[in-house]
file my_file-v8.txt (compact mmCIF, C-alpha atoms)
# COMPACT_ATOMS: atom_id res chain seq x y z
CA MET H 56 0.84 -25.44 -12.20
CA SER H 57 -0.92 -27.28 -9.36
CA GLY H 58 0.32 -30.58 -10.85
CA LEU H 59 3.88 -29.27 -10.79
CA PHE H 60 3.60 -28.25 -7.13
CA SER H 61 2.08 -31.64 -6.31
CA ALA H 62 4.94 -33.43 -8.06
CA LEU H 63 7.51 -31.28 -6.26
CA GLY H 64 5.79 -31.97 -2.94
CA SER H 65 5.82 -35.71 -3.59
CA PHE H 66 9.47 -35.61 -4.62
CA TRP H 67 10.41 -33.64 -1.49
CA ALA H 68 8.47 -36.11 0.69
CA TRP H 69 10.35 -39.00 -0.94
CA ILE H 70 13.72 -37.27 -0.44
CA THR H 71 12.88 -36.58 3.20
CA TYR H 72 11.92 -40.21 3.73
CA ALA H 73 14.97 -41.56 1.89
CA LEU H 74 17.38 -39.42 3.93
CA ASP H 75 15.65 -39.92 7.28
CA PRO H 76 18.41 -41.27 9.57
CA LEU H 77 15.91 -42.97 11.90
CA CYS H 78 12.92 -44.19 9.88
CA GLY H 79 14.27 -44.07 6.33
CA PRO H 80 14.99 -47.17 4.21
CA VAL H 81 18.40 -47.51 5.87
CA GLY H 82 17.46 -45.65 9.04
CA LEU H 83 18.56 -46.79 12.47
CA PHE H 84 15.10 -47.86 13.64
CA SER H 85 14.35 -49.61 10.33
CA LEU H 86 17.32 -51.92 10.90
CA PHE H 87 15.63 -53.48 13.93
CA GLY H 88 12.80 -54.92 11.86
CA SER H 89 9.05 -54.41 11.84
CA SER H 90 8.42 -56.36 15.04
CA SER H 91 10.69 -54.37 17.37
CA LEU H 92 9.58 -51.74 19.88
CA VAL H 93 11.23 -49.02 17.80
CA ALA H 94 9.82 -50.13 14.46
CA CYS H 95 8.55 -47.33 12.27
CA GLY H 96 4.86 -47.54 11.49
CA ASP H 97 1.88 -48.87 13.41
CA THR H 98 3.80 -51.71 15.03
CA GLY H 99 6.37 -49.71 16.99
CA TRP H 100 7.32 -46.35 18.45
CA GLY H 101 9.96 -45.39 15.89
CA ASP H 102 7.89 -42.72 14.15
CA GLU H 103 6.96 -41.02 17.42
CA ILE H 104 10.52 -41.00 18.72
CA ALA H 105 11.87 -39.78 15.37
CA LEU H 106 9.38 -36.90 15.60
CA GLY H 107 10.69 -36.18 19.10
CA VAL H 108 14.25 -35.95 17.76
CA LYS H 109 13.13 -33.51 15.06
CA VAL H 110 11.26 -31.37 17.60
CA THR H 111 14.27 -31.31 19.94
CA LEU H 112 16.64 -30.27 17.16
CA THR H 113 14.21 -27.70 15.76
CA LEU H 114 13.70 -26.18 19.20
CA ALA H 115 17.44 -25.98 19.90
CA LEU H 116 18.28 -24.54 16.47
CA SER H 117 15.44 -22.00 16.74
CA THR H 118 16.51 -20.94 20.23
CA LEU H 119 20.19 -20.49 19.36
CA PRO H 120 20.01 -17.41 17.07
CA LEU H 121 17.40 -15.69 19.24
CA GLY H 122 19.44 -16.31 22.39
CA LEU H 123 22.64 -15.12 20.69
CA LEU H 124 20.93 -11.94 19.48
CA ILE H 125 19.50 -11.11 22.90
CA GLY H 126 22.78 -11.97 24.60
CA PHE H 127 24.72 -9.75 22.20
CA PHE H 128 22.59 -6.71 23.00
CA VAL H 129 22.68 -7.48 26.72
CA ALA H 130 26.49 -7.66 26.55
CA LEU H 131 26.55 -4.31 24.77
CA ALA H 132 24.34 -2.85 27.50
CA MET H 133 26.59 -4.27 30.23
CA GLN H 134 29.57 -2.33 28.90
CA SER H 135 27.59 0.79 28.04
CA LYS H 136 28.49 4.17 29.51
CA ASP H 137 24.83 4.60 30.41
CA ARG H 138 24.38 3.53 34.04
CA THR H 139 20.69 2.71 33.49
CA LEU H 140 21.52 0.27 30.70
CA ARG H 141 24.21 -1.40 32.80
CA LEU H 142 21.81 -1.73 35.72
CA ALA H 143 19.03 -3.18 33.55
CA ALA H 144 21.40 -5.68 31.95
CA GLY H 145 22.75 -6.70 35.37
CA ILE H 146 19.23 -7.27 36.71
CA TYR H 147 18.33 -9.30 33.62
CA THR H 148 21.32 -11.62 33.88
CA THR H 149 20.97 -11.99 37.66
CA ILE H 150 17.32 -13.01 37.40
CA PHE H 151 17.60 -15.55 34.61
CA ARG H 152 20.91 -17.01 35.76
CA GLY H 153 19.54 -17.35 39.28
CA LEU H 154 16.17 -18.93 38.47
CA PRO H 155 15.97 -22.65 37.68
CA GLU H 156 15.32 -23.22 33.98
CA LEU H 157 12.15 -25.19 34.72
CA LEU H 158 10.74 -22.34 36.80
CA THR H 159 11.54 -19.86 34.02
CA LEU H 160 9.69 -22.13 31.59
CA PHE H 161 6.61 -22.20 33.83
CA ILE H 162 6.68 -18.42 34.29
CA VAL H 163 6.89 -17.81 30.54
CA TYR H 164 4.32 -20.45 29.60
CA TYR H 165 1.68 -19.68 32.22
CA GLY H 166 2.58 -16.06 32.97
CA ALA H 167 2.46 -14.98 29.33
CA GLN H 168 -0.94 -16.59 28.94
CA ILE H 169 -2.25 -14.68 31.97
CA LEU H 170 -0.85 -11.38 30.66
CA ILE H 171 -2.30 -11.86 27.20
CA GLN H 172 -5.65 -12.98 28.62
CA SER H 173 -5.77 -9.98 30.96
CA GLY H 174 -4.92 -7.58 28.14
CA LEU H 175 -7.61 -9.03 25.88
CA ALA H 176 -10.15 -9.00 28.71
CA ALA H 177 -9.47 -5.28 29.19
CA ILE H 178 -10.70 -4.63 25.64
CA GLY H 179 -13.70 -6.93 26.01
CA PHE H 180 -12.32 -10.14 24.43
CA GLU H 181 -13.18 -13.00 26.80
CA GLU H 182 -12.24 -16.04 24.71
CA ARG H 183 -9.54 -18.25 26.26
CA ILE H 184 -6.08 -17.99 24.69
CA GLU H 185 -3.37 -20.64 24.89
CA ILE H 186 0.26 -20.00 24.01
CA ASN H 187 1.91 -22.46 21.66
CA ALA H 188 4.15 -24.78 23.69
CA PHE H 189 6.95 -24.61 21.12
CA PHE H 190 6.96 -20.80 21.16
CA ALA H 191 6.90 -20.72 24.98
CA GLY H 192 9.74 -23.21 25.20
CA MET H 193 11.81 -21.31 22.64
CA LEU H 194 11.26 -18.01 24.46
CA ALA H 195 12.05 -19.44 27.91
CA LEU H 196 15.21 -21.21 26.73
CA SER H 197 16.26 -18.09 24.81
CA VAL H 198 16.20 -15.81 27.84
CA VAL H 199 18.11 -18.36 29.92
CA PHE H 200 20.64 -18.95 27.13
CA SER H 201 21.05 -15.21 26.53
CA SER H 202 21.74 -14.50 30.22
CA TYR H 203 24.75 -16.84 30.15
CA CYS H 204 25.70 -15.92 26.59
CA SER H 205 25.94 -12.23 27.53
CA GLU H 206 28.61 -13.00 30.13
CA VAL H 207 30.65 -15.00 27.60
CA LEU H 208 30.34 -12.22 25.03
CA LEU H 209 31.19 -9.55 27.62
CA SER H 210 34.43 -11.37 28.43
CA ALA H 211 35.19 -11.58 24.71
CA PHE H 212 34.50 -7.86 24.29
CA LYS H 213 36.97 -7.09 27.09
CA ALA H 214 39.61 -9.24 25.40
CA ILE H 215 39.51 -7.09 22.25
CA PRO H 216 41.90 -4.11 22.53
CA HIS H 217 40.25 -0.69 22.44
CA GLY H 218 42.67 0.21 19.66
CA GLN H 219 40.54 -1.90 17.31
CA TYR H 220 37.69 0.61 17.68
CA GLU H 221 40.13 3.49 17.13
CA ALA H 222 41.45 1.79 14.00
CA GLY H 223 37.91 1.69 12.63
CA ASP H 224 37.46 5.37 13.40
CA ALA H 225 40.77 6.16 11.69
CA LEU H 226 39.55 4.38 8.57
CA GLY H 227 36.44 6.55 8.58
CA LEU H 228 34.09 3.70 9.43
CA HIS H 229 30.87 4.34 11.28
CA ARG H 230 30.85 2.70 14.72
CA GLY H 231 28.23 0.21 13.52
CA ARG H 232 30.40 -0.86 10.56
CA THR H 233 33.41 -1.04 12.85
CA MET H 234 31.44 -3.41 15.06
CA LEU H 235 30.29 -5.52 12.11
CA LEU H 236 33.53 -5.69 10.12
CA ILE H 237 36.23 -5.55 12.79
CA ILE H 238 34.89 -6.40 16.24
CA VAL H 239 32.32 -9.16 15.60
CA PRO H 240 34.72 -11.50 13.68
CA GLN H 241 37.19 -11.31 16.57
CA LEU H 242 34.35 -11.64 19.07
CA VAL H 243 33.15 -14.87 17.49
CA ARG H 244 36.63 -16.39 17.51
CA ILE H 245 37.26 -15.52 21.16
CA ALA H 246 33.80 -16.47 22.45
CA LEU H 247 33.38 -19.67 20.42
CA PRO H 248 34.60 -22.17 23.07
CA GLY H 249 32.29 -20.70 25.72
CA LEU H 250 29.37 -20.53 23.29
CA GLY H 251 29.99 -24.16 22.37
CA ASN H 252 29.56 -25.17 26.00
CA LEU H 253 26.35 -23.15 26.18
CA TRP H 254 25.04 -24.92 23.07
CA MET H 255 25.59 -28.29 24.74
CA ASN H 256 23.67 -27.07 27.79
CA LEU H 257 20.89 -25.76 25.56
CA LEU H 258 20.62 -29.13 23.85
CA LYS H 259 20.09 -30.81 27.23
CA ASP H 260 17.70 -28.13 28.49
CA THR H 261 15.31 -28.84 25.61
CA ALA H 262 14.19 -31.88 27.60
CA LEU H 263 12.43 -29.50 30.01
CA VAL H 264 9.77 -28.61 27.44
CA SER H 265 8.25 -32.06 27.82
CA VAL H 266 6.50 -30.84 31.00
CA ILE H 267 4.39 -28.37 28.98
CA GLY H 268 3.32 -30.97 26.45
CA LEU H 269 5.82 -30.48 23.62
CA SER H 270 6.57 -33.75 21.85
CA ASP H 271 10.35 -33.81 22.25
CA ILE H 272 12.60 -36.83 22.77
CA LEU H 273 11.89 -37.15 26.49
CA ARG H 274 8.12 -36.86 26.18
CA GLN H 275 7.87 -39.32 23.31
CA THR H 276 10.07 -41.90 25.00
CA GLY H 277 8.17 -41.32 28.26
CA VAL H 278 4.83 -42.04 26.58
CA ALA H 279 6.29 -45.13 24.94
CA ALA H 280 7.69 -46.30 28.29
CA LYS H 281 4.31 -45.96 30.03
CA VAL H 282 2.33 -47.71 27.32
CA SER H 283 4.78 -50.54 26.65
CA LYS H 284 5.93 -50.96 30.28
CA GLU H 285 9.51 -50.95 28.99
CA ALA H 286 10.71 -47.91 30.92
CA PHE H 287 14.38 -48.88 31.10
CA PHE H 288 14.61 -49.56 27.36
CA PHE H 289 13.01 -46.32 26.23
CA TYR H 290 14.76 -44.06 28.74
CA LEU H 291 18.06 -45.70 27.81
CA LEU H 292 17.18 -44.99 24.18
CA ALA H 293 16.56 -41.31 25.12
CA CYS H 294 20.01 -41.23 26.74
CA LEU H 295 21.63 -42.65 23.62
CA LEU H 296 19.85 -40.16 21.36
CA PHE H 297 20.95 -37.19 23.47
CA LEU H 298 24.50 -38.56 23.59
CA PHE H 299 24.47 -38.99 19.82
CA LEU H 300 23.38 -35.36 19.36
CA ALA H 301 26.11 -34.28 21.78
CA VAL H 302 28.79 -36.21 19.90
CA VAL H 303 27.68 -34.78 16.55
CA SER H 304 27.58 -31.29 18.07
CA SER H 305 31.08 -31.70 19.50
CA GLY H 306 32.42 -32.69 16.10
CA GLY H 307 30.66 -29.75 14.44
CA LEU H 308 31.97 -27.32 17.04
CA ARG H 309 35.54 -28.54 16.53
CA LEU H 310 35.21 -27.93 12.79
CA ILE H 311 33.82 -24.43 13.40
CA GLU H 312 36.63 -23.59 15.84
CA ARG H 313 39.21 -24.81 13.34
CA TRP H 314 37.63 -22.65 10.64
CA ALA H 315 37.49 -19.63 12.95
CA ARG H 316 41.19 -19.97 13.81
CA ARG H 317 42.39 -20.57 10.26
CA SER H 318 44.05 -17.12 10.12
CA GLU H 319 46.13 -17.93 13.21
CA VAL H 320 47.35 -21.16 11.63
CA ARG H 321 48.53 -19.28 8.54
CA ARG H 322 50.56 -16.90 10.66
call {"tool": "encode", "arguments": {"input": "my_file-v8.txt", "output": "structure tokens"}}
result
Amino acid sequence: MSGLFSALGSFWAWITYALDPLCGPVGLFSLFGSSSLVACGDTGWGDEIALGVKVTLTLALSTLPLGLLIGFFVALAMQSKDRTLRLAAGIYTTIFRGLPELLTLFIVYYGAQILIQSGLAAIGFEERIEINAFFAGMLALSVVFSSYCSEVLLSAFKAIPHGQYEAGDALGLHRGRTMLLIIVPQLVRIALPGLGNLWMNLLKDTALVSVIGLSDILRQTGVAAKVSKEAFFFYLLACLLFLFLAVVSSGGLRLIERWARRSEVRR
């Protein structure tokens, strides 16, 4: 059994390498040769920068569902009949839309460590605790993303006629099933353009995590620029990588919007 798992692991590693768009056999960096600054391996910075691209994409893709989930519940609270919920949601969005993203990142990264350390010290645990930089970056970007996302979703909620809720009630659906089966599909279609813009902003904001030591595109190219003394080359490369991700995202978002509006085309 262990031999089978080892063989599967080796096969997966080979597939990952073969399909790697940067350092694979036909990857972008591999095309420049083994003597270039972006060569993959010990002779260049290709491996490090490819890792930065993976970290950036992983961070953005991990932040997106968490931010959407928080934003959805904040939007629900903002249109609640409960005044306390509306007030709490308004305070939440005001704070995280008003603070600079970098400051929010510092507050989450350092503030959470202080809170955890203080809580552990209260029960007699004195060992120093450090928060994972990836987790801190994901959490900070999620609260910022959700504060803007909630406003987009709130506008989409207001665009859905109240009769849709009444139709669900008439069919005997519980309000939760009405939300899931009737409201959410319409919500996604209406909010998709605004959410697409927020995704593009999120993709750019991932560069902020470099200041807390996470090995994203900006940090990896920054280290390469300092060591090689080729700052213009590596920062230009970072620009091109972010632009490439933006172009791919734009194409993906257009396909998703076309899929979401397929029912309108049929009519």
call {"tool": "residues_around", "arguments": {"input": "my_file-v8.txt", "residues": "range 278-284 of chain H", "least_positions_apart": "4", "cutoff": "7 Å", "atoms": "only C-alpha atoms", "output": "list in words"}}
result
Trp100, Arg274 and Phe289 of chain H
call {"tool": "write_last_selection", "arguments": {"input": "my_file-v8.txt", "atoms": "C-alpha atoms", "output": "CSV table (one decimal), in the coordinates of the input"}}
result
chain,number,residue,atom,x,y,z
H,100,TRP,CA,7.3,-46.4,18.4
H,274,ARG,CA,8.1,-36.9,26.2
H,289,PHE,CA,13.0,-46.3,26.2
call {"tool": "atom_distance", "arguments": {"input": "my_file-v8.txt", "atom1": "CA of Tyr164 in chain H", "atom2": "CA of Ala191 in chain H"}}
result
5.3 Å
call {"tool": "axis_aligned_box", "arguments": {"input": "my_file-v8.txt", "around": "range 135-140 of chain H", "padding_each_side": "5 Å", "output": "JSON"}}
result
{"center_x": 24.6, "center_y": 2.4, "center_z": 31.0, "size_x": 17.8, "size_y": 14.3, "size_z": 16.0}
call {"tool": "atom_distance", "arguments": {"input": "my_file-v8.txt", "atom1": "CA of Leu119 in chain H", "atom2": "CA of Arg230 in chain H"}}
result
25.9 Å
call {"tool": "residues_around", "arguments": {"input": "my_file-v8.txt", "residues": "Ser304 in chain H", "least_positions_apart": "3", "cutoff": "12 Å", "atoms": "all atoms listed in the file", "output": "VMD selection string"}}
result
chain H and resid 112 115 to 116 251 to 259 297 to 301 307 to 311
call {"tool": "atom_distance", "arguments": {"input": "my_file-v8.txt", "atom1": "CA of Gln219 in chain H", "atom2": "CA of Ile238 in chain H"}}
result
7.3 Å
call {"tool": "closest_residue", "arguments": {"input": "my_file-v8.txt", "among": "H:Leu263, H:Gln275, H:Gly166, H:Phe151", "to": "Gly101 in chain H", "atoms": "all atoms listed in the file"}}
result
H:Gln275
call {"tool": "closest_residue", "arguments": {"input": "my_file-v8.txt", "among": "H:Ile237, H:Leu170, H:Leu114, H:Cys294", "to": "Asp271 in chain H", "atoms": "all atoms listed in the file"}}
result
H:Leu114
call {"tool": "residues_near_point", "arguments": {"input": "my_file-v8.txt", "point": "(18.1, -47.6, 14.1)", "cutoff": "12 Å", "atoms": "all atoms listed in the file", "output": "ChimeraX atom specification"}}
result
/H:75-89,91-95,100-102,104-105,292,295-296
call {"tool": "write_last_selection", "arguments": {"input": "my_file-v8.txt", "atoms": "C-alpha atoms", "output": "compact mmCIF listing (two decimals), in the coordinates of the input"}}
result
# COMPACT_ATOMS: atom_id res chain seq x y z
CA ASP H 75 15.65 -39.92 7.28
CA PRO H 76 18.41 -41.27 9.57
CA LEU H 77 15.91 -42.97 11.90
CA CYS H 78 12.92 -44.19 9.88
CA GLY H 79 14.27 -44.07 6.33
CA PRO H 80 14.99 -47.17 4.21
CA VAL H 81 18.40 -47.51 5.87
CA GLY H 82 17.46 -45.65 9.04
CA LEU H 83 18.56 -46.79 12.47
CA PHE H 84 15.10 -47.86 13.64
CA SER H 85 14.35 -49.61 10.33
CA LEU H 86 17.32 -51.92 10.90
CA PHE H 87 15.63 -53.48 13.93
CA GLY H 88 12.80 -54.92 11.86
CA SER H 89 9.05 -54.41 11.84
CA SER H 91 10.69 -54.37 17.37
CA LEU H 92 9.58 -51.74 19.88
CA VAL H 93 11.23 -49.02 17.80
CA ALA H 94 9.82 -50.13 14.46
CA CYS H 95 8.55 -47.33 12.27
CA TRP H 100 7.32 -46.35 18.45
CA GLY H 101 9.96 -45.39 15.89
CA ASP H 102 7.89 -42.72 14.15
CA ILE H 104 10.52 -41.00 18.72
CA ALA H 105 11.87 -39.78 15.37
CA LEU H 292 17.18 -44.99 24.18
CA LEU H 295 21.63 -42.65 23.62
CA LEU H 296 19.85 -40.16 21.36
call {"tool": "closest_residue", "arguments": {"input": "my_file-v8.txt", "among": "H:Tyr290, H:Phe128, H:Phe212, H:Phe200", "to": "Arg244 in chain H", "atoms": "all atoms listed in the file"}}
result
H:Phe212
call {"tool": "closest_residue", "arguments": {"input": "my_file-v8.txt", "among": "H:Arg141, H:His229, H:Arg313, H:Arg152", "to": "Leu247 in chain H", "atoms": "only C-alpha atoms"}}
result
H:Arg313
call {"tool": "closest_residue", "arguments": {"input": "my_file-v8.txt", "among": "H:Ala286, H:Ile169, H:Val264, H:Cys204", "to": "Gly107 in chain H", "atoms": "all atoms listed in the file"}}
result
H:Val264
call {"tool": "closest_residue", "arguments": {"input": "my_file-v8.txt", "among": "H:Val266, H:Ala225, H:Leu175, H:Leu273", "to": "Phe161 in chain H", "atoms": "all atoms listed in the file"}}
result
H:Val266
call {"tool": "build_atoms", "arguments": {"input": "my_file-v8.txt", "residues": "range 222-234 of chain H", "atoms": "N, CA, C and O atoms", "output": "PDB file, in the coordinates of the input"}}
result
ATOM      1  N   ALA H 222      41.019   2.067  15.372  1.00  0.00           N
ATOM      2  CA  ALA H 222      41.450   1.790  14.000  1.00  0.00           C
ATOM      3  C   ALA H 222      40.279   1.959  13.034  1.00  0.00           C
ATOM      4  O   ALA H 222      40.436   2.497  11.926  1.00  0.00           O
ATOM      5  N   GLY H 223      39.085   1.503  13.459  1.00  0.00           N
ATOM      6  CA  GLY H 223      37.910   1.690  12.630  1.00  0.00           C
ATOM      7  C   GLY H 223      37.574   3.154  12.436  1.00  0.00           C
ATOM      8  O   GLY H 223      37.225   3.593  11.334  1.00  0.00           O
ATOM      9  N   ASP H 224      37.709   3.931  13.503  1.00  0.00           N
ATOM     10  CA  ASP H 224      37.460   5.370  13.400  1.00  0.00           C
ATOM     11  C   ASP H 224      38.471   6.032  12.467  1.00  0.00           C
ATOM     12  O   ASP H 224      38.128   6.937  11.688  1.00  0.00           O
ATOM     13  N   ALA H 225      39.727   5.578  12.540  1.00  0.00           N
ATOM     14  CA  ALA H 225      40.770   6.160  11.690  1.00  0.00           C
ATOM     15  C   ALA H 225      40.513   5.866  10.214  1.00  0.00           C
ATOM     16  O   ALA H 225      40.892   6.653   9.340  1.00  0.00           O
ATOM     17  N   LEU H 226      39.868   4.730   9.947  1.00  0.00           N
ATOM     18  CA  LEU H 226      39.550   4.380   8.570  1.00  0.00           C
ATOM     19  C   LEU H 226      38.280   5.074   8.076  1.00  0.00           C
ATOM     20  O   LEU H 226      37.865   4.890   6.931  1.00  0.00           O
ATOM     21  N   GLY H 227      37.652   5.836   8.955  1.00  0.00           N
ATOM     22  CA  GLY H 227      36.440   6.550   8.580  1.00  0.00           C
ATOM     23  C   GLY H 227      35.185   5.703   8.625  1.00  0.00           C
ATOM     24  O   GLY H 227      34.167   6.062   8.025  1.00  0.00           O
ATOM     25  N   LEU H 228      35.250   4.583   9.333  1.00  0.00           N
ATOM     26  CA  LEU H 228      34.090   3.700   9.430  1.00  0.00           C
ATOM     27  C   LEU H 228      33.151   4.197  10.518  1.00  0.00           C
ATOM     28  O   LEU H 228      33.591   4.644  11.578  1.00  0.00           O
ATOM     29  N   HIS H 229      31.867   4.077  10.245  1.00  0.00           N
ATOM     30  CA  HIS H 229      30.870   4.340  11.280  1.00  0.00           C
ATOM     31  C   HIS H 229      31.014   3.283  12.366  1.00  0.00           C
ATOM     32  O   HIS H 229      31.453   2.166  12.115  1.00  0.00           O
ATOM     33  N   ARG H 230      30.660   3.633  13.609  1.00  0.00           N
ATOM     34  CA  ARG H 230      30.850   2.700  14.720  1.00  0.00           C
ATOM     35  C   ARG H 230      30.113   1.370  14.484  1.00  0.00           C
ATOM     36  O   ARG H 230      30.591   0.310  14.867  1.00  0.00           O
ATOM     37  N   GLY H 231      28.954   1.445  13.819  1.00  0.00           N
ATOM     38  CA  GLY H 231      28.230   0.210  13.520  1.00  0.00           C
ATOM     39  C   GLY H 231      28.987  -0.676  12.553  1.00  0.00           C
ATOM     40  O   GLY H 231      29.036  -1.901  12.713  1.00  0.00           O
ATOM     41  N   ARG H 232      29.604  -0.068  11.508  1.00  0.00           N
ATOM     42  CA  ARG H 232      30.400  -0.860  10.560  1.00  0.00           C
ATOM     43  C   ARG H 232      31.682  -1.351  11.202  1.00  0.00           C
ATOM     44  O   ARG H 232      32.164  -2.442  10.881  1.00  0.00           O
ATOM     45  N   THR H 233      32.240  -0.574  12.098  1.00  0.00           N
ATOM     46  CA  THR H 233      33.410  -1.040  12.850  1.00  0.00           C
ATOM     47  C   THR H 233      33.069  -2.290  13.647  1.00  0.00           C
ATOM     48  O   THR H 233      33.833  -3.264  13.674  1.00  0.00           O
ATOM     49  N   MET H 234      31.890  -2.266  14.281  1.00  0.00           N
ATOM     50  CA  MET H 234      31.440  -3.410  15.060  1.00  0.00           C
ATOM     51  C   MET H 234      31.251  -4.628  14.151  1.00  0.00           C
ATOM     52  O   MET H 234      31.684  -5.736  14.474  1.00  0.00           O
TER      53      MET H 234
END
